[in-house]
>>> print(open('coords.txt').read())   # compact mmCIF, C-alpha atoms and all ligand atoms
# COMPACT_ATOMS: atom_id res chain seq x y z
CA MET A 9 0.00 0.00 0.00
CA ILE A 10 1.22 3.47 -0.90
CA ILE A 11 0.12 6.54 1.05
CA THR A 12 0.95 9.83 -0.67
CA ILE A 13 1.47 13.12 1.14
CA ASP A 14 1.89 16.25 -0.97
CA GLY A 15 1.75 19.94 -0.16
CA PRO A 16 3.74 23.16 -0.08
CA ALA A 17 6.99 23.69 1.83
CA GLY A 18 6.39 24.30 5.52
CA ALA A 19 2.99 22.62 5.76
CA GLY A 20 4.49 20.01 8.11
CA LYS A 21 4.64 17.17 5.55
CA SER A 22 8.04 15.87 6.49
CA THR A 23 7.50 15.38 10.21
CA ALA A 24 3.95 14.14 9.72
CA SER A 25 5.00 11.66 6.99
CA LYS A 26 7.82 10.22 9.08
CA MET A 27 5.60 9.88 12.15
CA LEU A 28 2.76 8.34 10.16
CA ALA A 29 5.13 5.81 8.58
CA GLY A 30 6.48 4.95 12.04
CA ARG A 31 3.03 4.40 13.50
CA LEU A 32 1.85 2.22 10.62
CA GLY A 33 5.12 0.30 10.30
CA PHE A 34 5.53 1.65 6.75
CA GLN A 35 8.73 2.82 5.09
CA PHE A 36 9.13 6.52 4.34
CA LEU A 37 10.19 7.88 0.95
CA ASP A 38 11.46 11.48 0.99
CA THR A 39 11.30 12.41 -2.70
CA GLY A 40 12.48 15.99 -2.04
CA ALA A 41 15.74 14.45 -0.80
CA MET A 42 16.15 12.78 -4.21
CA TYR A 43 15.86 16.13 -6.05
CA ARG A 44 18.29 17.56 -3.51
CA ALA A 45 20.74 14.68 -4.08
CA VAL A 46 20.81 15.32 -7.84
CA THR A 47 21.24 19.05 -7.19
CA TYR A 48 24.12 18.46 -4.79
CA SER A 49 25.87 16.13 -7.26
CA ALA A 50 25.37 18.56 -10.17
CA MET A 51 26.79 21.41 -8.09
CA LYS A 52 29.79 19.29 -7.10
CA LYS A 53 30.45 18.54 -10.76
CA LYS A 54 29.95 22.25 -11.59
CA ILE A 55 27.29 21.45 -14.16
CA PRO A 56 25.38 24.50 -15.40
CA LEU A 57 21.82 24.18 -14.08
CA ALA A 58 20.42 24.93 -17.54
CA ASP A 59 22.24 21.99 -19.16
CA GLN A 60 19.35 19.53 -19.28
CA GLN A 61 21.30 16.70 -20.85
CA ALA A 62 24.14 16.87 -18.35
CA LEU A 63 21.65 17.05 -15.46
CA ALA A 64 19.83 13.98 -16.75
CA ALA A 65 23.16 12.17 -17.00
CA VAL A 66 23.95 13.03 -13.37
CA ALA A 67 20.52 11.79 -12.25
CA ALA A 68 21.05 8.54 -14.14
CA GLU A 69 24.60 7.85 -12.98
CA ILE A 70 24.36 8.51 -9.24
CA GLN A 71 23.01 5.90 -6.85
CA ILE A 72 20.64 7.38 -4.30
CA ALA A 73 19.90 5.24 -1.27
CA PHE A 74 18.09 5.69 2.04
CA LEU A 75 19.57 3.91 5.02
CA ALA A 76 18.44 4.29 8.63
CA LYS A 77 17.12 7.85 8.11
CA ARG A 78 20.30 8.87 6.24
CA VAL A 79 20.57 9.76 2.54
CA LEU A 80 23.47 8.24 0.62
CA ILE A 81 24.89 9.09 -2.79
CA ASN A 82 27.06 6.29 -4.16
CA GLY A 83 27.36 4.95 -0.62
CA ARG A 84 28.43 8.28 0.95
CA ASP A 85 26.30 9.92 3.66
CA VAL A 86 25.14 13.33 2.33
CA THR A 87 22.17 13.87 4.67
CA ASP A 88 23.46 17.22 5.89
CA GLU A 89 25.05 18.39 2.64
CA ILE A 90 21.79 18.16 0.67
CA ARG A 91 20.09 20.58 3.11
CA THR A 92 22.48 23.51 2.88
CA PRO A 93 21.04 26.91 1.80
CA GLU A 94 23.03 26.62 -1.48
CA VAL A 95 21.34 23.34 -2.41
CA THR A 96 17.96 24.72 -1.33
CA GLN A 97 18.53 27.72 -3.57
CA ASN A 98 19.36 25.61 -6.64
CA VAL A 99 17.02 22.65 -6.24
CA ALA A 100 14.04 24.29 -7.97
CA ALA A 101 16.00 24.47 -11.24
CA ILE A 102 16.69 20.72 -11.04
CA ALA A 103 13.10 19.95 -10.12
CA ASP A 104 12.03 21.87 -13.26
CA SER A 105 14.05 19.61 -15.53
CA PRO A 106 11.77 17.14 -17.41
CA PRO A 107 14.46 14.43 -17.97
CA VAL A 108 15.53 14.57 -14.31
CA ARG A 109 11.91 14.23 -13.21
CA GLU A 110 11.31 11.38 -15.60
CA HIS A 111 14.24 9.49 -14.14
CA LEU A 112 13.37 10.18 -10.49
CA VAL A 113 9.70 9.31 -10.96
CA LYS A 114 10.75 5.94 -12.37
CA LEU A 115 13.12 5.42 -9.46
CA GLN A 116 10.43 6.35 -6.90
CA ARG A 117 8.06 3.76 -8.38
CA GLU A 118 10.85 1.20 -8.37
CA ILE A 119 11.74 1.83 -4.71
CA ALA A 120 8.13 1.65 -3.54
CA LYS A 121 7.00 -1.31 -5.60
CA ASN A 122 7.77 -3.99 -3.01
CA GLY A 123 6.49 -2.65 0.26
CA ASN A 124 4.26 -0.37 2.24
CA PHE A 125 5.37 3.23 1.85
CA VAL A 126 4.45 6.75 2.88
CA CYS A 127 5.69 8.83 -0.08
CA GLU A 128 6.14 12.54 0.49
CA GLY A 129 6.65 15.24 -2.13
CA ARG A 130 4.79 17.52 -4.51
CA ASP A 131 3.56 15.14 -7.22
CA GLN A 132 3.15 11.82 -5.44
CA GLY A 133 -0.64 11.64 -5.59
CA THR A 134 -0.97 13.22 -9.03
CA VAL A 135 1.89 11.82 -11.14
CA VAL A 136 3.92 9.15 -9.36
CA PHE A 137 1.24 7.05 -7.64
CA PRO A 138 -2.09 8.12 -9.15
CA ASN A 139 -3.69 4.80 -8.08
CA SER A 140 -2.84 5.18 -4.41
CA PRO A 141 -5.97 4.50 -2.33
CA CYS A 142 -4.90 7.00 0.33
CA LYS A 143 -3.75 10.48 -0.68
CA PHE A 144 -3.28 13.52 1.51
CA PHE A 145 -2.64 17.16 0.68
CA LEU A 146 -1.30 19.10 3.64
CA THR A 147 -1.71 22.87 3.76
CA ALA A 148 -1.12 25.70 6.23
CA SER A 149 -1.45 29.47 6.05
CA ALA A 150 1.55 31.37 4.66
CA GLU A 151 2.06 33.01 8.05
CA GLN A 152 2.04 29.74 10.00
CA ARG A 153 4.45 28.13 7.53
CA ALA A 154 6.88 31.05 7.85
CA VAL A 155 6.66 30.91 11.66
CA ARG A 156 7.53 27.19 11.56
CA ARG A 157 10.48 27.80 9.22
CA MET A 158 11.71 30.60 11.50
CA GLU A 159 11.55 28.23 14.49
CA GLN A 160 13.43 25.49 12.58
CA LEU A 161 16.25 27.87 11.61
CA THR A 162 16.53 29.37 15.09
CA LYS A 163 16.65 25.88 16.59
CA ALA A 164 19.45 24.99 14.16
CA GLY A 165 21.40 28.00 15.45
CA GLN A 166 20.97 30.03 12.25
CA THR A 167 19.92 33.67 12.21
CA ALA A 168 16.70 34.31 10.37
CA ASP A 169 14.76 37.33 9.23
CA PHE A 170 10.99 36.83 9.15
CA GLN A 171 10.37 39.03 6.09
CA GLU A 172 13.13 37.25 4.19
CA ILE A 173 11.62 33.87 5.06
CA VAL A 174 8.22 35.03 3.77
CA ALA A 175 9.81 36.27 0.52
CA GLN A 176 11.72 32.96 0.01
CA GLN A 177 8.59 31.00 0.77
CA ASN A 178 6.57 32.97 -1.78
CA LEU A 179 9.25 32.30 -4.38
CA ARG A 180 9.32 28.55 -3.63
CA ASP A 181 5.51 28.39 -3.79
CA GLN A 182 5.55 30.11 -7.16
CA GLN A 183 8.23 27.70 -8.45
CA ASP A 184 6.38 24.65 -7.11
CA PHE A 185 3.00 25.70 -8.52
CA GLU A 186 4.23 26.94 -11.88
CA ARG A 187 6.90 24.43 -12.94
CA PRO A 188 6.13 22.94 -16.36
CA VAL A 189 6.25 19.36 -15.07
CA GLY A 190 5.46 17.87 -11.67
CA GLN A 191 3.71 20.96 -10.39
CA LEU A 192 2.39 21.02 -6.87
CA LYS A 193 -1.30 20.25 -7.25
CA LYS A 194 -3.88 18.55 -5.08
CA ALA A 195 -5.02 15.27 -6.64
CA ASP A 196 -8.81 15.24 -7.14
CA ASP A 197 -9.13 12.32 -4.73
CA ALA A 198 -6.68 13.63 -2.11
CA ILE A 199 -7.93 14.58 1.34
CA GLU A 200 -6.87 18.11 2.25
CA ILE A 201 -5.69 18.59 5.82
CA ASP A 202 -5.17 22.13 7.09
CA THR A 203 -2.44 21.91 9.72
CA ASP A 204 -2.94 25.46 11.11
CA HIS A 205 -3.67 25.57 14.84
CA LYS A 206 -3.08 21.84 15.18
CA THR A 207 -0.26 20.10 17.00
CA ILE A 208 1.80 17.59 15.05
CA GLY A 209 0.24 14.87 17.22
CA GLU A 210 -3.25 15.96 16.17
CA VAL A 211 -2.28 16.04 12.49
CA VAL A 212 -0.69 12.57 12.59
CA GLY A 213 -3.68 11.22 14.54
CA GLU A 214 -6.00 12.50 11.81
CA LEU A 215 -3.83 11.02 9.04
CA GLU A 216 -3.53 7.69 10.85
CA ALA A 217 -7.27 7.33 11.44
CA ILE A 218 -8.01 7.93 7.75
CA ALA A 219 -5.15 5.68 6.59
CA LEU A 220 -6.35 2.81 8.78
CA LEU A 221 -9.85 3.06 7.32
CA ARG A 222 -8.44 3.12 3.79
CA MET A 223 -6.21 0.11 4.54
CA LYS A 224 -9.19 -1.79 5.88
CA SER A 225 -11.31 -1.13 2.83
CA ALA A 226 -8.40 -1.94 0.49
CA ALA A 227 -7.96 -5.28 2.31
CA GLU A 228 -11.71 -6.00 2.07
CA GLN A 229 -11.71 -5.25 -1.64
CA ALA A 230 -8.69 -7.50 -2.20
CA GLU A 231 -10.50 -10.30 -0.32
CA LEU A 232 -13.59 -9.92 -2.54
CA SER A 233 -11.70 -10.04 -5.80
O1 LIG A 301 10.56 19.01 0.17
P1 LIG A 301 11.93 19.60 -0.16
O2 LIG A 301 12.10 21.03 0.24
O3 LIG A 301 13.05 18.75 0.32
O4 LIG A 301 11.99 19.57 -1.76
C1 LIG A 301 13.12 20.03 -2.45
C2 LIG A 301 12.71 20.57 -3.81
O5 LIG A 301 12.30 19.54 -4.67
C3 LIG A 301 11.60 21.62 -3.80
O6 LIG A 301 11.99 22.65 -4.71
C4 LIG A 301 10.41 20.91 -4.35
C5 LIG A 301 11.01 19.83 -5.22
N1 LIG A 301 10.25 18.59 -5.23
C6 LIG A 301 9.56 18.27 -6.36
O7 LIG A 301 9.57 19.04 -7.32
N2 LIG A 301 8.89 17.09 -6.43
C7 LIG A 301 8.88 16.24 -5.40
N3 LIG A 301 8.22 15.09 -5.50
C8 LIG A 301 9.57 16.56 -4.22
C9 LIG A 301 10.25 17.76 -4.16
>>> encode(input="coords.txt", output="structure tokens")
Amino acid sequence: MIITIDGPAGAGKSTASKMLAGRLGFQFLDTGAMYRAVTYSAMKKKIPLADQQALAAVAAEIQIAFLAKRVLINGRDVTDEIRTPEVTQNVAAIADSPPVREHLVKLQREIAKNGNFVCEGRDQGTVVFPNSPCKFFLTASAEQRAVRRMEQLTKAGQTADFQEIVAQQNLRDQQDFERPVGQLKKADDAIEIDTDHKTIGEVVGELEAIALLRMKSAAEQAELS
């Protein structure tokens, strides 16, 4: 069974997806980390971000793996490196690249084909796993999302300016909604969960209750057929 969780940056997807996977005993697929891994590798190789062919070649030649909550490229732990501000700044250009997306979508389907997964990203319910019986779309107000980002950065010991965070967030939203392929969009059959004014525990509880119902009806249907 695949559960998809899509939504804009800062809606709480990452924490909620990991916790939901933990509660259900599912594996967790962080597809944003895959776009970040390609970005990091392309930057290392000094590949111009507009060179579609070279980007596609990087995506195809690197081996991305997830191991005990760490992200590996060709066996090397890059969990921290893929989350630097420089990678965050460049990742949208990579996520806009049709051949990179094509490759990563294939890889995501491959990874998730033999197991129970919570797959988190922007296009999981619409493009990658359109037949998933349990899709969520997490949202939060722009203000709440910026407050959360501010808290994350402060906790990580980084200085942060609220207005700058709002401006960066607006830019990322625009990039995510407007990219020519893999745009952030709610699937018609996704359940929208507004995470404003809810604790993470409340959000995960809501997701879990719905997921358990969906799992039950999927199991009943499988029994009938
Ligand atoms: O969730 P994140 O910030 O780690 O995602 C990194 C970037 O990758 C962000 O620009 C959105 C993009 N992305 C995407 O286009 N499709 C996905 N399935 C996941 C992330």
>>> residues_around(input="coords.txt", residues="region 82-90 of chain A", least_positions_apart="4", cutoff="12 Å", atoms="all atoms listed in the file", output="short mmCIF file (atom, residue, chain, number, x, y, z; two decimals) with C-alpha atoms, in the coordinates of the input")
data_model
loop_
_atom_site.label_atom_id
_atom_site.label_comp_id
_atom_site.auth_asym_id
_atom_site.auth_seq_id
_atom_site.Cartn_x
_atom_site.Cartn_y
_atom_site.Cartn_z
CA ASP A 38 11.46 11.48 0.99
CA GLY A 40 12.48 15.99 -2.04
CA ALA A 41 15.74 14.45 -0.80
CA MET A 42 16.15 12.78 -4.21
CA TYR A 43 15.86 16.13 -6.05
CA ARG A 44 18.29 17.56 -3.51
CA ALA A 45 20.74 14.68 -4.08
CA VAL A 46 20.81 15.32 -7.84
CA THR A 47 21.24 19.05 -7.19
CA TYR A 48 24.12 18.46 -4.79
CA SER A 49 25.87 16.13 -7.26
CA ALA A 50 25.37 18.56 -10.17
CA MET A 51 26.79 21.41 -8.09
CA LYS A 52 29.79 19.29 -7.10
CA VAL A 66 23.95 13.03 -13.37
CA ALA A 67 20.52 11.79 -12.25
CA ALA A 68 21.05 8.54 -14.14
CA GLU A 69 24.60 7.85 -12.98
CA ILE A 70 24.36 8.51 -9.24
CA GLN A 71 23.01 5.90 -6.85
CA ILE A 72 20.64 7.38 -4.30
CA ALA A 73 19.90 5.24 -1.27
CA PHE A 74 18.09 5.69 2.04
CA LEU A 75 19.57 3.91 5.02
CA ALA A 76 18.44 4.29 8.63
CA LYS A 77 17.12 7.85 8.11
CA ARG A 78 20.30 8.87 6.24
CA GLU A 94 23.03 26.62 -1.48
CA VAL A 95 21.34 23.34 -2.41
CA THR A 96 17.96 24.72 -1.33
CA GLN A 97 18.53 27.72 -3.57
CA ASN A 98 19.36 25.61 -6.64
CA VAL A 99 17.02 22.65 -6.24
#
>>> closest_residue(input="coords.txt", among="A:Glu151, A:Asp169, A:Asp184, A:Glu110", to="ligand LIG 301 (chain A)", atoms="only C-alpha atoms and all ligand atoms")
A:Asp184
>>> closest_atom_pairs(input="coords.txt", of="chain A", to="ligand LIG 301 (chain A)", cutoff="9 Å", atoms="only C-alpha atoms and all ligand atoms", output="JSON lines")
{"residue": "A:Asp14", "atom": "CA", "partner": "A:LIG301", "partner_atom": "N3", "distance": 7.9}
{"residue": "A:Gly15", "atom": "CA", "partner": "A:LIG301", "partner_atom": "O1", "distance": 8.9}
{"residue": "A:Pro16", "atom": "CA", "partner": "A:LIG301", "partner_atom": "O1", "distance": 8.0}
{"residue": "A:Ala17", "atom": "CA", "partner": "A:LIG301", "partner_atom": "O2", "distance": 6.0}
{"residue": "A:Gly18", "atom": "CA", "partner": "A:LIG301", "partner_atom": "O2", "distance": 8.4}
{"residue": "A:Lys21", "atom": "CA", "partner": "A:LIG301", "partner_atom": "O1", "distance": 8.2}
{"residue": "A:Ser22", "atom": "CA", "partner": "A:LIG301", "partner_atom": "O1", "distance": 7.5}
{"residue": "A:Asp38", "atom": "CA", "partner": "A:LIG301", "partner_atom": "O3", "distance": 7.5}
{"residue": "A:Thr39", "atom": "CA", "partner": "A:LIG301", "partner_atom": "C8", "distance": 4.7}
{"residue": "A:Gly40", "atom": "CA", "partner": "A:LIG301", "partner_atom": "C9", "distance": 3.5}
{"residue": "A:Ala41", "atom": "CA", "partner": "A:LIG301", "partner_atom": "O3", "distance": 5.2}
{"residue": "A:Met42", "atom": "CA", "partner": "A:LIG301", "partner_atom": "C8", "distance": 7.6}
{"residue": "A:Tyr43", "atom": "CA", "partner": "A:LIG301", "partner_atom": "O5", "distance": 5.1}
{"residue": "A:Arg44", "atom": "CA", "partner": "A:LIG301", "partner_atom": "C1", "distance": 5.8}
{"residue": "A:Ile90", "atom": "CA", "partner": "A:LIG301", "partner_atom": "O3", "distance": 8.8}
{"residue": "A:Arg91", "atom": "CA", "partner": "A:LIG301", "partner_atom": "O3", "distance": 7.8}
{"residue": "A:Val95", "atom": "CA", "partner": "A:LIG301", "partner_atom": "C1", "distance": 8.9}
{"residue": "A:Thr96", "atom": "CA", "partner": "A:LIG301", "partner_atom": "C1", "distance": 6.8}
{"residue": "A:Gln97", "atom": "CA", "partner": "A:LIG301", "partner_atom": "O6", "distance": 8.4}
{"residue": "A:Asn98", "atom": "CA", "partner": "A:LIG301", "partner_atom": "O6", "distance": 8.2}
{"residue": "A:Val99", "atom": "CA", "partner": "A:LIG301", "partner_atom": "O6", "distance": 5.3}
{"residue": "A:Ala100", "atom": "CA", "partner": "A:LIG301", "partner_atom": "O6", "distance": 4.2}
{"residue": "A:Ala101", "atom": "CA", "partner": "A:LIG301", "partner_atom": "O6", "distance": 7.9}
{"residue": "A:Ile102", "atom": "CA", "partner": "A:LIG301", "partner_atom": "O5", "distance": 7.8}
{"residue": "A:Ala103", "atom": "CA", "partner": "A:LIG301", "partner_atom": "O7", "distance": 4.6}
{"residue": "A:Asp104", "atom": "CA", "partner": "A:LIG301", "partner_atom": "O7", "distance": 7.0}
{"residue": "A:Arg109", "atom": "CA", "partner": "A:LIG301", "partner_atom": "N2", "distance": 8.0}
{"residue": "A:Leu112", "atom": "CA", "partner": "A:LIG301", "partner_atom": "N3", "distance": 8.7}
{"residue": "A:Val113", "atom": "CA", "partner": "A:LIG301", "partner_atom": "N3", "distance": 8.1}
{"residue": "A:Cys127", "atom": "CA", "partner": "A:LIG301", "partner_atom": "N3", "distance": 8.7}
{"residue": "A:Glu128", "atom": "CA", "partner": "A:LIG301", "partner_atom": "N3", "distance": 6.8}
{"residue": "A:Gly129", "atom": "CA", "partner": "A:LIG301", "partner_atom": "N3", "distance": 3.7}
{"residue": "A:Arg130", "atom": "CA", "partner": "A:LIG301", "partner_atom": "N3", "distance": 4.3}
{"residue": "A:Asp131", "atom": "CA", "partner": "A:LIG301", "partner_atom": "N3", "distance": 5.0}
{"residue": "A:Gln132", "atom": "CA", "partner": "A:LIG301", "partner_atom": "N3", "distance": 6.0}
{"residue": "A:Val136", "atom": "CA", "partner": "A:LIG301", "partner_atom": "N3", "distance": 8.3}
{"residue": "A:Arg180", "atom": "CA", "partner": "A:LIG301", "partner_atom": "O6", "distance": 6.6}
{"residue": "A:Asp181", "atom": "CA", "partner": "A:LIG301", "partner_atom": "O6", "distance": 8.7}
{"residue": "A:Gln183", "atom": "CA", "partner": "A:LIG301", "partner_atom": "O6", "distance": 7.3}
{"residue": "A:Asp184", "atom": "CA", "partner": "A:LIG301", "partner_atom": "C4", "distance": 6.2}
{"residue": "A:Arg187", "atom": "CA", "partner": "A:LIG301", "partner_atom": "O7", "distance": 8.2}
{"residue": "A:Val189", "atom": "CA", "partner": "A:LIG301", "partner_atom": "O7", "distance": 8.4}
{"residue": "A:Gly190", "atom": "CA", "partner": "A:LIG301", "partner_atom": "O7", "distance": 6.1}
{"residue": "A:Gln191", "atom": "CA", "partner": "A:LIG301", "partner_atom": "O7", "distance": 6.9}
{"residue": "A:Leu192", "atom": "CA", "partner": "A:LIG301", "partner_atom": "O7", "distance": 7.5}
>>> residues_around(input="coords.txt", residues="Lys121 (chain A)", least_positions_apart="2", cutoff="12 Å", atoms="only C-alpha atoms", output="list in words")
Met9, Ile10, Gln35, Leu37, Lys114, Leu115, Gln116, Arg117, Glu118, Ile119, Gly123, Asn124, Phe125, Val126, Cys127, Val136, Phe137 and Ser140 of chain A
>>> atom_distance(input="coords.txt", atom1="CA of Ser25 (chain A)", atom2="CA of Val212 (chain A)")
8.0 Å
>>> atom_distance(input="coords.txt", atom1="CA of Thr12 (chain A)", atom2="CA of Gly133 (chain A)")
5.5 Å
